[in-house]
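Next comes model-v8.tsv, a file with TSV, C-alpha atoms and all ligand atoms.
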chain	number	residue	atom	x	y	z
A	394	MET	CA	15.57	5.49	15.95
A	395	THR	CA	17.99	6.88	18.50
A	396	ASP	CA	16.77	8.66	21.64
A	397	LYS	CA	18.52	11.77	20.32
A	398	ASP	CA	16.54	11.66	17.05
A	399	LEU	CA	13.30	11.17	18.93
A	400	SER	CA	14.04	14.12	21.24
A	401	LEU	CA	14.76	16.26	18.20
A	402	LEU	CA	11.47	15.27	16.57
A	403	ARG	CA	9.61	15.82	19.80
A	404	GLU	CA	11.00	19.32	20.09
A	405	SER	CA	10.29	20.14	16.45
A	406	ASN	CA	6.71	18.92	16.39
A	407	GLU	CA	3.91	20.54	18.24
A	408	THR	CA	1.53	18.00	16.80
A	409	ALA	CA	1.53	14.39	15.52
A	410	PHE	CA	4.15	12.99	13.12
A	411	TYR	CA	5.16	9.83	11.27
A	412	VAL	CA	8.60	8.24	11.13
A	413	PHE	CA	9.48	5.65	8.47
A	414	ASP	CA	12.64	3.62	8.95
A	415	GLY	CA	14.45	2.82	5.69
A	416	LYS	CA	16.62	0.13	7.26
A	417	VAL	CA	13.63	-1.72	8.72
A	418	LEU	CA	11.95	-1.42	5.33
A	419	LYS	CA	14.90	-2.86	3.43
A	420	GLU	CA	15.23	-5.71	5.90
A	421	ARG	CA	11.54	-6.41	5.49
A	422	VAL	CA	11.86	-6.61	1.70
A	423	GLU	CA	14.85	-8.94	2.12
A	424	TYR	CA	12.88	-11.12	4.52
A	425	ILE	CA	9.92	-11.42	2.15
A	426	ARG	CA	12.25	-12.22	-0.73
A	427	SER	CA	14.13	-14.84	1.25
A	428	SER	CA	10.84	-16.47	2.26
A	429	LEU	CA	9.75	-17.02	-1.35
A	430	PRO	CA	11.08	-19.25	-4.12
A	431	ALA	CA	14.24	-17.93	-5.81
A	432	ASN	CA	13.56	-15.54	-8.68
A	433	THR	CA	10.21	-14.38	-7.33
A	434	ALA	CA	10.17	-10.69	-8.18
A	435	LEU	CA	8.60	-8.01	-6.00
A	436	CYS	CA	6.47	-5.08	-7.08
A	437	TYR	CA	5.74	-2.36	-4.52
A	438	ALA	CA	2.18	-0.97	-4.65
A	439	VAL	CA	2.89	2.74	-4.22
A	440	LYS	CA	-0.59	3.47	-2.88
A	441	ALA	CA	0.39	1.90	0.43
A	442	ASN	CA	2.83	4.73	1.13
A	443	PRO	CA	4.44	6.84	-1.58
A	444	PHE	CA	6.91	8.35	0.90
A	445	ILE	CA	9.00	5.21	1.25
A	446	SER	CA	9.24	4.38	-2.47
A	447	LYS	CA	12.68	5.92	-2.98
A	448	GLU	CA	14.14	3.89	-0.13
A	449	ILE	CA	13.54	0.66	-2.04
A	450	ILE	CA	14.29	1.70	-5.62
A	451	ASP	CA	17.10	-0.85	-5.81
A	452	ASP	CA	15.38	-3.50	-3.70
A	453	VAL	CA	12.24	-4.23	-5.71
A	454	GLU	CA	11.84	-5.03	-9.39
A	455	ARG	CA	8.71	-2.94	-9.95
A	456	PHE	CA	6.42	-0.22	-8.67
A	457	GLU	CA	2.67	-0.44	-9.22
A	458	ILE	CA	1.25	3.00	-9.99
A	459	CYS	CA	-2.49	3.64	-10.07
A	460	SER	CA	-2.95	7.31	-10.93
A	461	PRO	CA	-1.31	10.26	-12.67
A	462	GLY	CA	-0.45	11.61	-9.20
A	463	GLU	CA	1.36	8.43	-8.19
A	464	ALA	CA	3.20	8.45	-11.51
A	465	GLU	CA	4.38	12.02	-11.01
A	466	ILE	CA	5.62	11.18	-7.54
A	467	CYS	CA	7.56	8.20	-8.89
A	468	PHE	CA	9.08	10.19	-11.75
A	469	GLU	CA	10.14	12.86	-9.30
A	470	LEU	CA	11.73	10.26	-7.05
A	471	GLY	CA	13.77	8.97	-9.98
A	472	ILE	CA	12.12	5.57	-10.30
A	473	PRO	CA	13.13	4.29	-13.75
A	474	SER	CA	10.19	3.87	-16.10
A	475	ASP	CA	11.11	0.26	-16.89
A	476	LYS	CA	10.28	-0.51	-13.25
A	477	MET	CA	6.80	1.01	-13.56
A	478	VAL	CA	3.53	-0.85	-13.98
A	479	ILE	CA	0.77	1.59	-14.83
A	480	SER	CA	-2.24	0.03	-13.22
A	481	GLY	CA	-5.62	1.14	-11.88
A	482	ILE	CA	-9.29	0.66	-12.69
A	483	TYR	CA	-9.54	4.12	-14.24
A	484	LYS	CA	-6.68	5.25	-16.38
A	485	THR	CA	-7.01	8.91	-17.26
A	486	PRO	CA	-6.86	8.71	-21.08
A	487	SER	CA	-4.70	11.84	-21.54
A	488	PHE	CA	-2.23	10.52	-18.98
A	489	ILE	CA	-1.98	7.13	-20.72
A	490	GLU	CA	-1.56	8.83	-24.09
A	491	GLY	CA	1.19	11.05	-22.66
A	492	LEU	CA	3.13	7.99	-21.53
A	493	ALA	CA	2.53	6.11	-24.80
A	494	ALA	CA	3.72	9.13	-26.78
A	495	ASP	CA	6.88	9.46	-24.72
A	496	SER	CA	9.49	7.27	-26.39
A	497	SER	CA	11.60	7.29	-23.24
A	498	PHE	CA	8.80	5.67	-21.23
A	499	ASN	CA	9.36	1.95	-21.01
A	500	GLY	CA	6.87	0.75	-18.40
A	501	ILE	CA	4.10	-1.84	-18.58
A	502	PHE	CA	0.39	-1.00	-18.71
A	503	THR	CA	-2.26	-3.18	-17.18
A	504	ALA	CA	-5.58	-3.40	-19.03
A	505	GLU	CA	-8.56	-3.62	-16.70
A	506	SER	CA	-11.22	-3.56	-19.41
A	507	LEU	CA	-11.70	-3.92	-23.14
A	508	VAL	CA	-11.98	-0.12	-23.29
A	509	GLN	CA	-8.54	0.25	-21.75
A	510	TYR	CA	-7.15	-2.46	-24.02
A	511	ARG	CA	-8.52	-0.78	-27.15
A	512	GLN	CA	-7.01	2.54	-26.11
A	513	LEU	CA	-3.61	0.85	-25.84
A	514	CYS	CA	-4.09	-0.75	-29.29
A	515	GLN	CA	-4.88	2.65	-30.80
A	516	LEU	CA	-1.95	4.31	-29.05
A	517	SER	CA	0.54	1.69	-30.19
A	518	GLU	CA	-0.65	2.26	-33.77
A	519	LYS	CA	-0.73	6.04	-33.46
A	520	TYR	CA	2.75	6.35	-31.98
A	521	LYS	CA	4.16	3.38	-33.88
A	522	ARG	CA	5.75	1.85	-30.84
A	523	GLN	CA	5.55	-1.35	-28.94
A	524	LEU	CA	3.64	-1.20	-25.65
A	525	ARG	CA	3.81	-3.92	-23.07
A	526	VAL	CA	0.45	-4.98	-21.60
A	527	LEU	CA	-0.78	-7.12	-18.73
A	528	PRO	CA	-4.52	-7.81	-19.03
A	529	ARG	CA	-6.02	-8.08	-15.55
A	530	LEU	CA	-8.19	-11.10	-14.83
A	531	THR	CA	-11.23	-10.27	-12.72
A	532	ASN	CA	-11.87	-11.79	-9.31
A	533	ASP	CA	-15.60	-11.36	-9.98
A	534	SER	CA	-15.63	-7.73	-8.93
A	535	GLN	CA	-15.51	-4.44	-10.84
A	536	PHE	CA	-11.76	-4.96	-11.30
A	537	GLY	CA	-10.19	-6.63	-14.30
A	538	MET	CA	-11.84	-8.53	-17.15
A	539	ASN	CA	-13.58	-11.85	-17.70
A	540	ASP	CA	-11.48	-14.80	-18.80
A	541	THR	CA	-13.47	-14.80	-22.05
A	542	ASP	CA	-12.51	-11.16	-22.73
A	543	ILE	CA	-8.85	-11.98	-22.19
A	544	ILE	CA	-9.15	-15.01	-24.47
A	545	ASP	CA	-10.67	-12.75	-27.11
A	546	ILE	CA	-7.71	-10.37	-26.77
A	547	ILE	CA	-5.30	-13.29	-27.08
A	548	ASP	CA	-7.08	-14.77	-30.11
A	549	ASN	CA	-6.89	-11.44	-31.91
A	550	ARG	CA	-3.38	-10.52	-30.82
A	551	GLU	CA	-1.94	-10.72	-34.32
A	552	LYS	CA	-4.04	-7.74	-35.37
A	553	TYR	CA	-2.01	-5.59	-32.99
A	554	PRO	CA	1.57	-6.73	-33.38
A	555	ASP	CA	2.84	-3.70	-31.50
A	556	LEU	CA	1.10	-4.75	-28.33
A	557	ASP	CA	3.25	-7.15	-26.40
A	558	ILE	CA	0.97	-9.09	-24.07
A	559	VAL	CA	3.43	-10.13	-21.41
A	560	GLY	CA	1.10	-12.13	-19.19
A	561	ILE	CA	-1.71	-11.71	-16.69
A	562	GLN	CA	-2.28	-9.54	-13.65
A	563	TYR	CA	-4.49	-10.62	-10.76
A	564	PHE	CA	-5.44	-9.20	-7.36
A	565	SER	CA	-8.37	-10.23	-5.20
A	566	GLY	CA	-8.12	-8.44	-1.87
A	567	THR	CA	-5.94	-7.47	1.03
A	568	GLN	CA	-5.02	-8.91	4.45
A	569	LYS	CA	-5.53	-12.49	3.24
A	570	THR	CA	-4.49	-15.07	5.80
A	571	SER	CA	-5.89	-18.31	4.41
A	572	LEU	CA	-3.60	-20.72	2.61
A	573	LYS	CA	-6.71	-22.44	1.31
A	574	LYS	CA	-7.69	-19.25	-0.43
A	575	PHE	CA	-4.22	-18.87	-1.96
A	576	LYS	CA	-4.45	-22.48	-3.13
A	577	ARG	CA	-7.80	-21.85	-4.80
A	578	GLU	CA	-6.54	-18.69	-6.47
A	579	LEU	CA	-3.29	-20.18	-7.70
A	580	GLU	CA	-5.05	-23.24	-9.06
A	581	HIS	CA	-7.51	-20.98	-10.85
A	582	LEU	CA	-4.69	-18.89	-12.32
A	583	ASP	CA	-2.65	-21.94	-13.27
A	584	LYS	CA	-5.65	-23.47	-15.01
A	585	PHE	CA	-6.31	-20.27	-16.91
A	586	LEU	CA	-2.66	-20.07	-18.01
A	587	SER	CA	-2.92	-23.69	-19.23
A	588	ILE	CA	-6.04	-22.87	-21.26
A	589	LEU	CA	-4.27	-19.90	-22.83
A	590	LYS	CA	-1.31	-22.11	-23.71
A	591	GLU	CA	-3.00	-25.29	-24.82
A	592	GLU	CA	-6.11	-23.94	-26.49
A	593	HIS	CA	-4.94	-20.53	-27.69
A	594	GLY	CA	-1.24	-20.98	-28.31
A	595	PHE	CA	-0.26	-18.22	-25.89
A	596	GLU	CA	2.36	-18.76	-23.25
A	597	ALA	CA	2.29	-16.04	-20.58
A	598	LYS	CA	5.76	-14.81	-19.74
A	599	GLU	CA	4.59	-13.25	-16.49
A	600	LEU	CA	2.06	-13.60	-13.74
A	601	GLU	CA	1.83	-10.41	-11.70
A	602	TYR	CA	-0.11	-11.38	-8.61
A	603	GLY	CA	-1.25	-9.10	-5.78
A	604	THR	CA	-1.40	-11.62	-2.97
A	605	GLY	CA	-2.71	-9.25	-0.29
A	606	PHE	CA	-0.32	-10.76	2.28
A	607	PRO	CA	-1.46	-9.87	5.80
A	608	VAL	CA	0.06	-7.80	8.60
A	609	SER	CA	-0.38	-8.51	12.27
A	610	TYR	CA	-1.88	-5.28	13.62
A	611	PHE	CA	-3.53	-6.24	16.90
A	612	GLU	CA	-2.75	-7.84	20.24
A	613	GLY	CA	-3.84	-11.47	20.03
A	614	ASP	CA	-3.46	-11.82	16.24
A	615	ASP	CA	-2.27	-15.34	15.64
A	616	LEU	CA	-0.69	-14.87	12.25
A	617	ASP	CA	2.16	-17.30	11.59
A	618	GLU	CA	3.78	-15.45	8.74
A	619	ALA	CA	6.70	-17.83	8.25
A	620	GLU	CA	4.25	-20.72	7.89
A	621	LEU	CA	2.06	-18.76	5.49
A	622	PHE	CA	5.02	-17.84	3.28
A	623	LYS	CA	6.26	-21.42	3.35
A	624	GLY	CA	2.88	-22.78	2.31
A	625	PHE	CA	2.48	-20.11	-0.34
A	626	SER	CA	5.94	-20.88	-1.75
A	627	GLU	CA	5.04	-24.57	-2.06
A	628	LEU	CA	1.89	-23.61	-3.94
A	629	LEU	CA	3.93	-21.48	-6.34
A	630	THR	CA	6.42	-24.29	-6.89
A	631	ASP	CA	3.59	-26.74	-7.56
A	632	MET	CA	2.18	-24.70	-10.45
A	633	THR	CA	2.21	-26.50	-13.79
A	634	ASN	CA	2.90	-23.30	-15.65
A	635	LYS	CA	6.16	-21.54	-14.91
A	636	PRO	CA	5.74	-17.89	-15.82
A	637	ASP	CA	7.94	-15.30	-14.13
A	638	ILE	CA	6.20	-14.49	-10.86
A	639	ILE	CA	5.98	-10.90	-9.71
A	640	LEU	CA	4.21	-10.33	-6.41
A	641	GLU	CA	2.47	-6.98	-6.09
A	642	LEU	CA	2.61	-6.04	-2.41
A	643	GLY	CA	1.76	-2.93	-0.45
A	644	ARG	CA	0.80	-3.53	3.17
A	645	SER	CA	3.12	-6.43	3.74
A	646	ILE	CA	6.15	-4.47	2.56
A	647	ALA	CA	5.33	-1.11	4.10
A	648	ALA	CA	3.50	-1.53	7.41
A	649	SER	CA	6.30	-2.52	9.75
A	650	CYS	CA	8.68	0.33	8.90
A	651	GLY	CA	6.33	3.03	10.15
A	652	ARG	CA	5.59	4.58	13.52
A	653	TYR	CA	3.04	7.25	14.27
A	654	TYR	CA	3.59	9.59	17.21
A	655	THR	CA	0.86	11.70	18.76
A	656	HIS	CA	0.68	13.76	21.97
A	657	VAL	CA	-1.73	13.48	24.84
A	658	VAL	CA	-3.45	16.88	24.87
A	659	ASP	CA	-6.23	16.43	27.41
A	660	ILE	CA	-7.24	14.04	30.13
A	661	LYS	CA	-10.67	13.61	31.66
A	662	THR	CA	-12.97	11.18	33.41
A	663	ASN	CA	-16.54	11.22	32.12
A	664	LYS	CA	-19.00	9.00	34.01
A	665	ARG	CA	-16.14	6.92	35.45
A	666	GLN	CA	-14.59	6.35	32.03
A	667	ASN	CA	-11.03	7.70	31.73
A	668	TYR	CA	-10.21	9.43	28.48
A	669	ALA	CA	-6.86	10.49	27.08
A	670	LEU	CA	-7.30	12.83	24.13
A	671	ILE	CA	-4.56	12.93	21.49
A	672	ASP	CA	-3.73	15.52	18.85
A	673	GLY	CA	-4.01	12.87	16.12
A	674	GLY	CA	-6.66	10.23	15.62
A	675	MET	CA	-8.36	8.08	13.05
A	676	HIS	CA	-7.58	10.57	10.28
A	677	HIS	CA	-3.89	9.65	10.71
A	678	ILE	CA	-3.84	6.08	11.95
A	679	VAL	CA	-5.79	3.50	9.98
A	680	TYR	CA	-5.47	-0.18	10.75
A	681	PHE	CA	-7.22	-2.64	8.45
A	682	GLY	CA	-9.93	-4.42	10.45
A	683	GLN	CA	-10.19	-1.71	13.07
A	684	HIS	CA	-13.48	-0.05	13.92
A	685	MET	CA	-14.20	1.98	17.04
A	686	ALA	CA	-11.10	0.44	18.64
A	687	MET	CA	-12.66	-3.01	18.78
A	688	LYS	CA	-9.12	-4.37	18.66
A	689	GLN	CA	-5.98	-3.22	20.39
A	690	PRO	CA	-3.12	-2.08	18.17
A	691	PHE	CA	0.50	-2.28	19.27
A	692	PHE	CA	1.35	0.98	21.00
A	693	SER	CA	3.43	2.45	23.81
A	694	VAL	CA	3.78	5.67	25.78
A	695	VAL	CA	7.29	6.97	25.11
A	696	GLY	CA	9.54	6.71	28.16
A	697	LYS	CA	6.88	5.14	30.37
A	698	GLU	CA	6.17	1.53	31.09
A	699	ILE	CA	2.63	0.22	30.63
A	700	THR	CA	1.95	-2.09	33.55
A	701	ASP	CA	-1.17	-4.02	34.42
A	702	SER	CA	-3.44	-1.68	36.30
A	703	GLU	CA	-7.01	-1.53	37.46
A	704	LYS	CA	-7.37	1.86	35.86
A	705	LEU	CA	-8.41	1.60	32.23
A	706	TRP	CA	-8.21	4.31	29.61
A	707	THR	CA	-9.74	5.02	26.25
A	708	ILE	CA	-7.59	7.01	23.83
A	709	CYS	CA	-9.58	9.27	21.52
A	710	GLY	CA	-8.55	11.44	18.60
A	711	SER	CA	-9.26	15.07	17.94
A	712	LEU	CA	-12.05	14.81	15.39
A	713	CYS	CA	-15.68	15.70	16.14
A	714	SER	CA	-16.70	12.12	15.62
A	715	MET	CA	-17.80	9.49	18.12
A	716	ASN	CA	-15.91	7.02	15.93
A	717	ASP	CA	-12.60	8.64	16.66
A	718	ILE	CA	-11.50	6.11	19.24
A	719	VAL	CA	-8.04	4.70	18.74
A	720	VAL	CA	-7.61	2.43	21.76
A	721	LYS	CA	-10.35	1.32	24.13
A	722	GLN	CA	-10.18	0.34	27.79
A	723	VAL	CA	-6.48	-0.31	28.22
A	724	PRO	CA	-4.19	0.15	31.17
A	725	LEU	CA	-1.80	3.08	30.72
A	726	PRO	CA	1.10	4.31	32.82
A	727	ASP	CA	0.68	7.44	34.86
A	728	ILE	CA	0.03	9.60	31.83
A	729	ALA	CA	0.15	13.36	31.62
A	730	ILE	CA	-0.63	16.03	29.08
A	731	GLY	CA	2.35	16.25	26.71
A	732	ASP	CA	3.12	12.52	26.79
A	733	LEU	CA	3.95	11.02	23.42
A	734	VAL	CA	2.05	7.92	22.32
A	735	CYS	CA	3.68	5.75	19.65
A	736	PHE	CA	1.68	3.44	17.37
A	737	GLU	CA	3.50	0.62	15.59
A	738	ASN	CA	2.98	-0.78	12.09
A	739	ALA	CA	1.88	2.56	10.73
A	740	GLY	CA	3.81	2.37	7.47
A	741	ALA	CA	1.01	1.26	5.14
A	742	TYR	CA	-2.14	3.11	4.18
A	743	CYS	CA	-2.30	5.22	7.37
A	744	MET	CA	-1.19	8.31	5.53
A	745	THR	CA	-3.20	7.63	2.41
A	746	GLU	CA	-6.48	6.30	3.79
A	747	GLY	CA	-7.09	8.69	6.69
A	748	ILE	CA	-10.02	11.09	6.35
A	749	SER	CA	-7.61	13.96	6.13
A	750	LEU	CA	-9.99	16.83	5.45
A	751	LEU	CA	-12.46	16.44	8.31
A	752	LEU	CA	-12.17	19.51	10.58
A	753	SER	CA	-9.46	21.05	8.38
A	754	ARG	CA	-6.79	19.84	10.76
A	755	ASP	CA	-3.14	19.80	9.75
A	756	LEU	CA	-1.59	16.65	8.34
A	757	PRO	CA	1.39	15.30	10.27
A	758	ALA	CA	4.98	15.94	9.26
A	759	VAL	CA	6.76	12.92	7.83
A	760	TYR	CA	10.32	11.82	8.59
A	761	ILE	CA	12.48	9.14	7.08
A	762	ILE	CA	15.52	7.54	8.63
A	763	ASP	CA	17.48	6.20	5.69
A	764	LYS	CA	19.55	3.04	5.58
A	765	GLU	CA	22.58	4.98	6.84
A	766	ASN	CA	20.53	6.07	9.85
A	767	VAL	CA	20.34	9.69	8.71
A	768	LEU	CA	17.13	11.44	9.69
A	769	TYR	CA	15.32	13.49	7.03
A	770	LYS	CA	12.15	15.52	7.06
A	771	VAL	CA	10.31	14.59	3.84
A	772	ARG	CA	7.14	16.60	4.44
A	773	SER	CA	6.44	19.48	6.79
A	774	THR	CA	3.19	19.63	8.72
A	775	PHE	CA	0.68	20.30	5.94
A	776	GLU	CA	-2.21	22.68	6.40
A	777	THR	CA	-5.43	21.36	4.90
A	778	LYS	CA	-7.43	24.50	5.55
A	779	ALA	CA	-6.59	25.80	2.07
A	780	LEU	CA	-8.35	22.76	0.60
A	781	ASN	CA	-11.50	23.46	2.59
A	782	THR	CA	-11.62	27.23	2.00
A	783	PRO	CA	-14.00	28.41	-0.70
A	784	ARG	CA	-12.40	30.79	-3.18
A	785	TYR	CA	-14.95	32.45	-5.41
A	786	GLU	CA	-14.02	32.69	-9.08
A	787	ARG	CA	-16.61	34.17	-11.41
A	788	MET	CA	-17.26	31.79	-14.27
A	789	TYR	CA	-18.78	34.28	-16.68
A	801	LIG	C1	-4.07	-4.18	-7.95
A	801	LIG	C2	-3.49	-4.10	-6.59
A	801	LIG	N1	-2.27	-4.64	-6.37
A	801	LIG	C3	-1.71	-4.59	-5.14
A	801	LIG	C4	-2.34	-4.00	-4.08
A	801	LIG	C5	-1.66	-3.99	-2.74
A	801	LIG	O1	-2.37	-4.72	-1.81
A	801	LIG	P1	-1.76	-5.01	-0.37
A	801	LIG	O2	-1.50	-3.70	0.26
A	801	LIG	O3	-2.80	-5.80	0.32
A	801	LIG	O4	-0.49	-5.78	-0.57
A	801	LIG	C6	-3.61	-3.45	-4.25
A	801	LIG	C7	-4.33	-2.82	-3.12
A	801	LIG	O5	-5.42	-2.31	-3.21
A	801	LIG	C8	-4.20	-3.49	-5.55
A	801	LIG	O6	-5.42	-2.96	-5.78
Same coordinates, now as structure tokens:
Amino acid sequence: MTDKDLSLLRESNETAFYVFDGKVLKERVEYIRSSLPANTALCYAVKANPFISKEIIDDVERFEICSPGEAEICFELGIPSDKMVISGIYKTPSFIEGLAADSSFNGIFTAESLVQYRQLCQLSEKYKRQLRVLPRLTNDSQFGMNDTDIIDIIDNREKYPDLDIVGIQYFSGTQKTSLKKFKRELEHLDKFLSILKEEHGFEAKELEYGTGFPVSYFEGDDLDEAELFKGFSELLTDMTNKPDIILELGRSIAASCGRYYTHVVDIKTNKRQNYALIDGGMHHIVYFGQHMAMKQPFFSVVGKEITDSEKLWTICGSLCSMNDIVVKQVPLPDIAIGDLVCFENAGAYCMTEGISLLLSRDLPAVYIIDKENVLYKVRSTFETKALNTPRYERMY
């Protein structure tokens, strides 16, 4: 972002705001792609940050959508339906029926349970159209189905010729750093695909795998991403089965393109502890693995150099919660009320996982700088007070 853009945003925002950089995002997608075996497809998990989806319409093969709301956002952004994977542990039945009934909808549905699978069977019969399905294999949690349930689906697939079972979906968690864990998971998936092929005559065309690739959020993180991607790529290449691989990624795609800016609004020293209060806080900036600022995220004070100093500061947000500590005991420059603090890697989940309604504070405005370096406002500061105001409607 240019200094001119930042000055403009500073002048236009009395309170905190996010900026997502489309060029950084695209370069990130390119980097991930170039670090993986050729032909590995990428699916962006929209939950990580719906605001950046449009910027990568042409850069990823798919978008994973987990709710009617996410679907509406994607339709509005012009994401073609054949790039959509309708996923999620609860699929609102009327929403799924609406998509199945719409002959122009050409996305894939995941099936997370036998109930969801049966609904898709009924809908394909009712609307006499082929639906593409990815049964999700469980990782021994509430998500997905047992291998035996999937085998049952496969064994009975001829009863539902209009359901095209394209392969398997799998996801087991986020921020995964261990190659050993990837090895275990890929071996497990490979073995399951072999069983389906050799014992049940079913060759999966696709494996859609949410790898939960990690992001380095804190000072001292020793993530060697290049090494992790290299090791992961070797594991993929070593698989006996060769389905099309589609990696479902949220955090790893989105985090690095985002910055969160918040102003210092008060300064005090209580019992020899220096506090800088900001107009944002933990309702806007959520880093996986962070609690009570136990770790130090990457941040700066705009226009001021942070040097080593004896004087340590704790930066706290503006919620009435003792937990609302964003950075603890760090040296800061000579800060003043009105200074702008910038937090890095704020592109994934910060906007969607913050506890937005506590205290009825406003949500930050959102800006995008597109790949041509043009700055857009994509959401104004959003008042949440309407959501917390009771409006009495007589029911009878
Ligand atoms: C099914 C599924 N796929 C993909 C993702 C994205 O995970 P991540 O942001 O760790 O890449 C999630 C996150 O919850 C998920 O539930």
Would you list the residues near (6.0, -14.0, -14.6), meaning any protein, DNA or RNA residue with an atom at most 7 Å from that point in file coordinates, counting all atoms listed in the file, as JSON, numbers by chain? {"A": [560, 598, 599, 600, 601, 636, 637, 638, 639]}
Once you have the residues from the selection above, write them out as a PDB file, in the frame of the given file, restricted to C-alpha atoms.
ATOM      1  CA  GLY A 560       1.100 -12.130 -19.190  1.00  0.00           C
ATOM      2  CA  LYS A 598       5.760 -14.810 -19.740  1.00  0.00           C
ATOM      3  CA  GLU A 599       4.590 -13.250 -16.490  1.00  0.00           C
ATOM      4  CA  LEU A 600       2.060 -13.600 -13.740  1.00  0.00           C
ATOM      5  CA  GLU A 601       1.830 -10.410 -11.700  1.00  0.00           C
ATOM      6  CA  PRO A 636       5.740 -17.890 -15.820  1.00  0.00           C
ATOM      7  CA  ASP A 637       7.940 -15.300 -14.130  1.00  0.00           C
ATOM      8  CA  ILE A 638       6.200 -14.490 -10.860  1.00  0.00           C
ATOM      9  CA  ILE A 639       5.980 -10.900  -9.710  1.00  0.00           C
TER      10      ILE A 639
END
Ligand LIG 801 (chain A) neighbours within 10 Å using only C-alpha atoms and all ligand atoms, as a ChimeraX atom specification: /A:436-442,456-459,480-482,503,505,529,536-537,562-569,601-608,640-648,681,741-742
Selection from above, C-alpha atoms, as a tab-separated table (two decimals), keeping the file's coordinate frame, can you write it?
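Final output, saved to again.tsv:
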chain	number	residue	atom	x	y	z
A	436	CYS	CA	6.47	-5.08	-7.08
A	437	TYR	CA	5.74	-2.36	-4.52
A	438	ALA	CA	2.18	-0.97	-4.65
A	439	VAL	CA	2.89	2.74	-4.22
A	440	LYS	CA	-0.59	3.47	-2.88
A	441	ALA	CA	0.39	1.90	0.43
A	442	ASN	CA	2.83	4.73	1.13
A	456	PHE	CA	6.42	-0.22	-8.67
A	457	GLU	CA	2.67	-0.44	-9.22
A	458	ILE	CA	1.25	3.00	-9.99
A	459	CYS	CA	-2.49	3.64	-10.07
A	480	SER	CA	-2.24	0.03	-13.22
A	481	GLY	CA	-5.62	1.14	-11.88
A	482	ILE	CA	-9.29	0.66	-12.69
A	503	THR	CA	-2.26	-3.18	-17.18
A	505	GLU	CA	-8.56	-3.62	-16.70
A	529	ARG	CA	-6.02	-8.08	-15.55
A	536	PHE	CA	-11.76	-4.96	-11.30
A	537	GLY	CA	-10.19	-6.63	-14.30
A	562	GLN	CA	-2.28	-9.54	-13.65
A	563	TYR	CA	-4.49	-10.62	-10.76
A	564	PHE	CA	-5.44	-9.20	-7.36
A	565	SER	CA	-8.37	-10.23	-5.20
A	566	GLY	CA	-8.12	-8.44	-1.87
A	567	THR	CA	-5.94	-7.47	1.03
A	568	GLN	CA	-5.02	-8.91	4.45
A	569	LYS	CA	-5.53	-12.49	3.24
A	601	GLU	CA	1.83	-10.41	-11.70
A	602	TYR	CA	-0.11	-11.38	-8.61
A	603	GLY	CA	-1.25	-9.10	-5.78
A	604	THR	CA	-1.40	-11.62	-2.97
A	605	GLY	CA	-2.71	-9.25	-0.29
A	606	PHE	CA	-0.32	-10.76	2.28
A	607	PRO	CA	-1.46	-9.87	5.80
A	608	VAL	CA	0.06	-7.80	8.60
A	640	LEU	CA	4.21	-10.33	-6.41
A	641	GLU	CA	2.47	-6.98	-6.09
A	642	LEU	CA	2.61	-6.04	-2.41
A	643	GLY	CA	1.76	-2.93	-0.45
A	644	ARG	CA	0.80	-3.53	3.17
A	645	SER	CA	3.12	-6.43	3.74
A	646	ILE	CA	6.15	-4.47	2.56
A	647	ALA	CA	5.33	-1.11	4.10
A	648	ALA	CA	3.50	-1.53	7.41
A	681	PHE	CA	-7.22	-2.64	8.45
A	741	ALA	CA	1.01	1.26	5.14
A	742	TYR	CA	-2.14	3.11	4.18
Can you pull out every residue within 9 Å of segment 405-407 of chain A, counting only C-alpha atoms, but drop anything in the same chain fewer than 5 positions away, and send it as a PyMOL selection string? chain A and resi 400+656+757-758+774
For Met685 of chain A: contacts at 7 Å, all atoms listed in the file, fewer than 4 positions along chain excluded, given as an mmCIF file with C-alpha atoms, in the frame of the given file:
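result.cif was written with the following content:
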data_model
loop_
_atom_site.group_PDB
_atom_site.id
_atom_site.type_symbol
_atom_site.label_atom_id
_atom_site.label_comp_id
_atom_site.auth_asym_id
_atom_site.auth_seq_id
_atom_site.Cartn_x
_atom_site.Cartn_y
_atom_site.Cartn_z
ATOM 1 C CA ASN A 716 -15.910 7.020 15.930
ATOM 2 C CA ASP A 717 -12.600 8.640 16.660
ATOM 3 C CA ILE A 718 -11.500 6.110 19.240
ATOM 4 C CA VAL A 719 -8.040 4.700 18.740
#
Need to verify the contact set: Arg525 of chain A, 8 Å, only C-alpha atoms, exclusion of same-chain residues closer than 6 positions in sequence. Can you return it as number ranges by chain? A: 500-502, 556-559
